[in-house]
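Have a look at model.tsv; it's TSV, C-alpha atoms:
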chain	number	residue	atom	x	y	z
A	1004	MET	CA	0.00	0.00	0.00
A	1005	LYS	CA	1.27	3.46	-0.91
A	1006	PHE	CA	0.10	6.91	0.11
A	1007	VAL	CA	0.34	10.37	-1.44
A	1008	VAL	CA	0.19	13.20	1.09
A	1009	LEU	CA	-0.81	16.30	-0.84
A	1010	ASP	CA	-1.86	19.93	-0.81
A	1011	THR	CA	-3.24	22.28	-3.44
A	1012	GLU	CA	-3.22	26.06	-3.63
A	1013	THR	CA	-6.06	27.66	-5.57
A	1014	THR	CA	-7.47	30.97	-6.80
A	1015	GLY	CA	-10.52	30.61	-4.55
A	1016	LEU	CA	-12.71	28.15	-2.70
A	1017	ARG	CA	-15.05	26.91	-5.45
A	1018	ALA	CA	-13.64	24.12	-7.57
A	1019	TYR	CA	-16.26	24.60	-10.29
A	1020	TYR	CA	-15.28	28.27	-10.69
A	1021	HIS	CA	-11.74	28.82	-9.42
A	1022	GLU	CA	-8.51	27.06	-10.41
A	1023	MET	CA	-5.63	25.14	-8.90
A	1024	VAL	CA	-2.35	27.05	-9.21
A	1025	SER	CA	-0.01	24.69	-7.38
A	1026	PHE	CA	0.17	21.07	-6.25
A	1027	CYS	CA	2.56	19.13	-4.08
A	1028	GLY	CA	2.48	15.43	-3.40
A	1029	ILE	CA	4.79	13.35	-1.21
A	1030	LYS	CA	4.61	9.65	-2.01
A	1031	LEU	CA	5.08	7.25	0.91
A	1032	ASP	CA	5.63	3.53	1.19
A	1033	ARG	CA	3.64	1.37	3.61
A	1034	ASP	CA	6.03	2.34	6.43
A	1035	LEU	CA	5.29	6.04	5.77
A	1036	ARG	CA	8.76	6.74	4.40
A	1037	GLU	CA	9.06	9.25	1.57
A	1038	ILE	CA	9.90	7.63	-1.76
A	1039	ASP	CA	9.06	10.41	-4.23
A	1040	ARG	CA	7.90	14.02	-4.41
A	1041	LEU	CA	6.12	16.09	-7.04
A	1042	VAL	CA	5.84	19.90	-6.94
A	1043	VAL	CA	3.96	21.61	-9.75
A	1044	LYS	CA	2.95	25.18	-10.49
A	1045	ILE	CA	-0.04	25.48	-12.82
A	1046	ARG	CA	-0.76	28.48	-15.03
A	1047	PRO	CA	-4.27	29.83	-14.30
A	1048	LEU	CA	-6.35	30.49	-17.40
A	1049	HIS	CA	-9.08	32.55	-15.77
A	1050	LEU	CA	-7.42	35.04	-13.44
A	1051	ASN	CA	-10.44	37.30	-13.85
A	1052	ARG	CA	-12.32	34.85	-11.62
A	1053	ALA	CA	-9.64	34.74	-8.93
A	1054	ASP	CA	-10.28	35.83	-5.37
A	1055	SER	CA	-7.70	38.50	-4.55
A	1056	GLU	CA	-7.45	37.29	-0.95
A	1057	ALA	CA	-6.69	33.76	-2.09
A	1058	LEU	CA	-3.92	35.03	-4.36
A	1059	ARG	CA	-2.48	37.09	-1.51
A	1060	ILE	CA	-2.49	34.10	0.84
A	1061	ASN	CA	-0.83	31.67	-1.54
A	1062	GLY	CA	1.63	34.23	-2.91
A	1063	TYR	CA	0.61	34.08	-6.55
A	1064	SER	CA	2.15	36.56	-8.97
A	1065	PRO	CA	2.79	36.33	-12.73
A	1066	SER	CA	6.54	36.58	-12.18
A	1067	ARG	CA	6.61	33.75	-9.62
A	1068	TRP	CA	4.52	31.60	-11.96
A	1069	ALA	CA	6.60	32.37	-15.06
A	1070	ASP	CA	7.76	28.74	-15.20
A	1071	ALA	CA	4.31	27.26	-14.49
A	1072	MET	CA	2.90	24.39	-16.55
A	1073	ASP	CA	-0.25	24.61	-18.60
A	1074	PRO	CA	-3.16	22.60	-17.12
A	1075	ASP	CA	-2.93	20.10	-20.02
A	1076	GLU	CA	0.64	19.29	-18.97
A	1077	ALA	CA	0.09	19.27	-15.20
A	1078	ALA	CA	-3.04	17.11	-15.09
A	1079	PRO	CA	-1.56	13.85	-16.49
A	1080	LEU	CA	1.57	14.35	-14.40
A	1081	ILE	CA	-0.49	14.54	-11.21
A	1082	ALA	CA	-2.71	11.61	-12.22
A	1083	GLU	CA	0.30	9.40	-12.92
A	1084	PHE	CA	2.00	10.40	-9.67
A	1085	MET	CA	-1.11	9.50	-7.66
A	1086	ARG	CA	-1.87	6.27	-9.50
A	1087	ASP	CA	-2.79	3.39	-7.15
A	1088	CYS	CA	-1.96	5.49	-4.07
A	1089	THR	CA	-4.26	6.38	-1.19
A	1090	PRO	CA	-4.55	10.18	-1.01
A	1091	VAL	CA	-3.92	11.93	2.30
A	1092	ALA	CA	-4.84	15.58	2.78
A	1093	HIS	CA	-6.00	18.11	5.34
A	1094	ASN	CA	-9.57	18.51	4.03
A	1095	TRP	CA	-9.42	15.86	1.31
A	1096	ALA	CA	-12.82	16.83	-0.14
A	1097	PHE	CA	-11.49	20.30	-1.00
A	1098	ASP	CA	-8.30	19.09	-2.68
A	1099	ARG	CA	-10.09	16.26	-4.48
A	1100	GLY	CA	-12.59	18.71	-5.94
A	1101	PHE	CA	-9.86	20.88	-7.45
A	1102	ILE	CA	-7.86	17.93	-8.77
A	1103	LEU	CA	-10.92	16.52	-10.51
A	1104	ALA	CA	-11.80	19.97	-11.86
A	1105	LEU	CA	-8.29	20.21	-13.32
A	1106	PHE	CA	-8.72	16.81	-14.98
A	1107	LYS	CA	-12.12	17.80	-16.36
A	1108	ALA	CA	-10.75	21.05	-17.79
A	1109	THR	CA	-8.36	19.07	-19.98
A	1110	GLY	CA	-11.23	17.20	-21.60
A	1111	ARG	CA	-9.55	13.87	-20.91
A	1112	THR	CA	-11.65	11.07	-19.42
A	1113	ASP	CA	-8.74	8.73	-18.69
A	1114	LEU	CA	-7.32	10.80	-15.81
A	1115	ARG	CA	-8.33	9.32	-12.48
A	1116	ILE	CA	-7.34	9.18	-8.83
A	1117	MET	CA	-8.60	7.08	-5.94
A	1118	ARG	CA	-11.96	8.33	-4.73
A	1119	ARG	CA	-11.44	7.48	-1.07
A	1120	GLY	CA	-8.73	9.24	0.87
A	1121	ILE	CA	-7.53	9.79	4.42
A	1122	ASP	CA	-8.44	13.18	5.84
A	1123	THR	CA	-6.06	14.39	8.53
A	1124	ILE	CA	-8.82	16.65	9.87
A	1125	ALA	CA	-10.79	13.52	10.79
A	1126	LEU	CA	-7.68	11.98	12.35
A	1127	SER	CA	-7.09	15.21	14.30
A	1128	ILE	CA	-10.68	15.31	15.60
A	1129	ALA	CA	-10.32	11.73	16.84
A	1130	ALA	CA	-6.94	12.44	18.44
A	1131	PHE	CA	-7.36	15.95	19.87
A	1132	GLY	CA	-11.14	16.28	20.20
A	1133	PRO	CA	-11.26	14.74	23.68
A	1134	TYR	CA	-8.87	17.47	24.87
A	1135	GLY	CA	-11.07	20.36	23.76
A	1136	LEU	CA	-9.17	21.64	20.75
A	1137	LYS	CA	-11.44	24.30	19.22
A	1138	SER	CA	-9.98	24.51	15.72
A	1139	TYR	CA	-8.67	21.71	13.53
A	1140	SER	CA	-7.02	23.90	10.90
A	1141	LEU	CA	-3.46	22.94	10.06
A	1142	GLU	CA	-2.31	26.27	11.47
A	1143	SER	CA	-4.06	25.73	14.82
A	1144	ILE	CA	-2.76	22.19	15.20
A	1145	GLY	CA	0.73	23.27	14.19
A	1146	SER	CA	0.63	26.08	16.75
A	1147	MET	CA	-0.33	23.63	19.50
A	1148	LEU	CA	2.49	21.31	18.47
A	1149	GLY	CA	5.02	24.15	18.37
A	1150	TRP	CA	5.60	23.88	14.62
A	1151	PRO	CA	6.56	26.85	12.39
A	1152	LYS	CA	3.65	28.98	11.20
A	1153	GLN	CA	1.76	27.64	8.20
A	1154	LYS	CA	3.02	29.23	4.98
A	1155	HIS	CA	0.10	28.44	2.63
A	1156	ARG	CA	2.50	27.15	0.00
A	1157	ALA	CA	1.77	23.75	-1.48
A	1158	GLU	CA	5.09	22.10	-0.63
A	1159	ALA	CA	5.44	23.58	2.87
A	1160	ASP	CA	1.86	22.68	3.78
A	1161	THR	CA	2.29	19.17	2.40
A	1162	VAL	CA	5.34	18.70	4.62
A	1163	MET	CA	3.24	19.80	7.63
A	1164	CYS	CA	0.45	17.42	6.64
A	1165	TYR	CA	2.99	14.61	6.26
A	1166	ALA	CA	4.33	15.29	9.76
A	1167	LEU	CA	0.78	15.28	11.15
A	1168	PHE	CA	-0.06	12.06	9.32
A	1169	ARG	CA	3.01	10.32	10.72
A	1170	LEU	CA	2.06	11.54	14.17
A	1171	LEU	CA	-1.54	10.30	14.06
A	1172	TYR	CA	-1.50	7.23	11.82
A	1173	PRO	CA	-2.09	4.41	12.43
A	1174	ILE	CA	-4.44	4.83	15.37
A	1175	SER	CA	-3.19	2.66	18.25
A	1176	ILE	CA	-2.59	2.61	21.98
A	1177	LYS	CA	0.95	3.87	21.40
A	1178	THR	CA	-0.40	6.74	19.31
A	1179	ALA	CA	-2.91	7.62	22.04
A	1180	ILE	CA	-0.14	7.74	24.65
A	1181	LYS	CA	1.95	9.91	22.35
A	1182	ILE	CA	-0.99	12.31	21.86
A	1183	GLN	CA	-1.52	12.54	25.63
A	1184	SER	CA	2.14	13.45	26.04
A	1185	ILE	CA	1.93	16.15	23.36
A	1186	VAL	CA	-1.24	17.69	24.76
A	1187	LEU	CA	0.21	17.65	28.28
A	1188	TYR	CA	3.30	19.47	27.05
A	1189	ALA	CA	1.18	21.99	25.12
A	1190	LYS	CA	-0.83	22.77	28.26
A	1191	ILE	CA	2.29	23.09	30.38
A	1192	ARG	CA	3.93	25.31	27.76
A	1193	GLY	CA	0.91	27.61	27.69
A	1194	ILE	CA	0.57	27.96	31.47
A	1195	LEU	CA	4.13	27.88	32.75
A	1196	ASN	CA	6.26	29.52	30.08
A	1197	PRO	CA	9.20	30.47	32.37
A	1198	TYR	CA	9.81	26.81	33.13
A	1199	ARG	CA	9.33	25.56	29.56
A	1200	ALA	CA	12.85	24.24	29.06
A	1201	ILE	CA	12.92	22.29	32.33
A	1202	LEU	CA	9.44	20.89	31.83
A	1203	ALA	CA	10.16	19.95	28.24
A	1204	LEU	CA	13.25	18.07	29.38
A	1205	LEU	CA	11.31	16.23	32.09
A	1206	LEU	CA	8.49	15.39	29.71
A	1207	SER	CA	10.93	14.17	27.07
A	1208	PHE	CA	12.56	11.92	29.68
A	1209	TRP	CA	9.14	10.58	30.71
A	1210	CYS	CA	8.10	9.94	27.11
A	1211	GLN	CA	11.04	7.61	26.61
A	1212	TYR	CA	9.29	5.09	28.84
A	1213	VAL	CA	5.88	5.19	27.15
A	1214	GLN	CA	6.84	5.48	23.47
A	1215	PRO	CA	8.72	3.00	21.29

Kindly return the structure encoded in the file as structure tokens.
Amino acid sequence: MKFVVLDTETTGLRAYYHEMVSFCGIKLDRDLREIDRLVVKIRPLHLNRADSEALRINGYSPSRWADAMDPDEAAPLIAEFMRDCTPVAHNWAFDRGFILALFKATGRTDLRIMRRGIDTIALSIAAFGPYGLKSYSLESIGSMLGWPKQKHRAEADTVMCYALFRLLYPISIKTAIKIQSIVLYAKIRGILNPYRAILALLLSFWCQYVQP
């Protein structure tokens, strides 16, 4: 079994109206080790439909996209990269919609991906929901885990999603213990900042006895 952890950046939120401008996929083997990576910029054909806020967030500019592929080139490349792999994404329904819209725009009916995927939002709800996490955005989860701020770039966000996937999958007793340790540290870090270094050291020492 292989996985492709992925992220897309788009010109807006509606797959039937807006366009995908970048894609990143990290292919994993069954042990969740990276075996391949694909990063693609896609030239938008309908910038007049773009949401200016979306372009600001994902950093689109004509100069940065000067080397972008046409949709007809990018679509088969993405389809081949994802062939026979289980997709993994943070809000898989959103990314799937834009990937399928890209395929449809080419007019080709032979481009396909797996319909079912693993959504790291669902994994996060199962893992962190019992602890009262209020937002399951990648940025909120990353902030709790002490990760760098989300960049809203396809490759950077895919790397974050990959790290989250490795943290949460597969669901097991060992994973549950690991999550408890992380949440405990996050709470300690938020309440007792002056003692963060000492507490982190103690918690790290404790985790050695409950994690493989």

Taken to one decimal, the CA of Ile1029 in chain A-CA of Tyr1165 in chain A distance is 7.8 Å

Calculate how many Å separate CA of Ala1166 in chain A from CA of Phe1097 in chain A, rounding to one decimal.
19.8 Å

List as a list in words the protein and nucleic acid residues near Asp1070 in chain A, meaning an atom at most 9 Å away when all atoms listed in the file are counted, but skip any in the same chain fewer than 4 places from it.
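Counting all atoms listed in the file, the residues come to Lys1044, Ile1045, Arg1046 and Ser1066 of chain A.
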
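Nearest-residue note for Leu1171 in chain A: choosing from A:Ala1129, A:Ala1071, A:Ala1189, A:Leu1016, the minimum distance belongs to A:Ala1129, counting only C-alpha atoms.
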
I'd like the neighbourhood of Pro1133 in chain A as JSON, numbers by chain, where a residue qualifies if any of its atoms comes within 12 Å (using all atoms listed in the file), though same-chain residues fewer than 3 positions away should be ignored.
{"A": [1127, 1128, 1129, 1130, 1136, 1137, 1179, 1182, 1183, 1186]}

Which value, in Å to one decimal, gives the distance between CA of Trp1068 in chain A and CA of Thr1123 in chain A?
28.8 Å

Any idea what's packed within 10 Å of Leu1041 in chain A, counting all atoms listed in the file, ignoring anything in its chain fewer than 4 positions away? Could you give it as a VMD selection string?
chain A and resid 1007 1009 1026 to 1030 1080 to 1081 1084 to 1085 1158

Using only C-alpha atoms for the distances, tell me which of A:Leu1170, A:Glu1142, A:Ala1082, A:Thr1112 is nearest to Lys1154 in chain A.
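Of A:Leu1170, A:Glu1142, A:Ala1082, A:Thr1112, the one nearest Lys1154 in chain A, counting only C-alpha atoms, is A:Glu1142.
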
If you count only C-alpha atoms, which residues fall within 12 Å of range 1047-1062 of chain A, apart from same-chain ones fewer than 2 positions away, as a VMD selection string?
chain A and resid 1010 to 1026 1044 to 1045 1064 to 1069 1071 to 1075 1077 1105 1108 to 1109 1153 to 1160

Name the residues, using the chain letters and numbers of the file, that sit within 9 Å of (-8.5, 10.8, -2.0) when counting all atoms listed in the file, and give them as a ChimeraX atom specification.
/A:1007,1088-1092,1095-1096,1098-1099,1116-1122

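Nearest to Asp1034 in chain A of all the residues A:Arg1169, A:Ile1180, A:Leu1187, A:Ser1143 is A:Arg1169, based on all atoms listed in the file.
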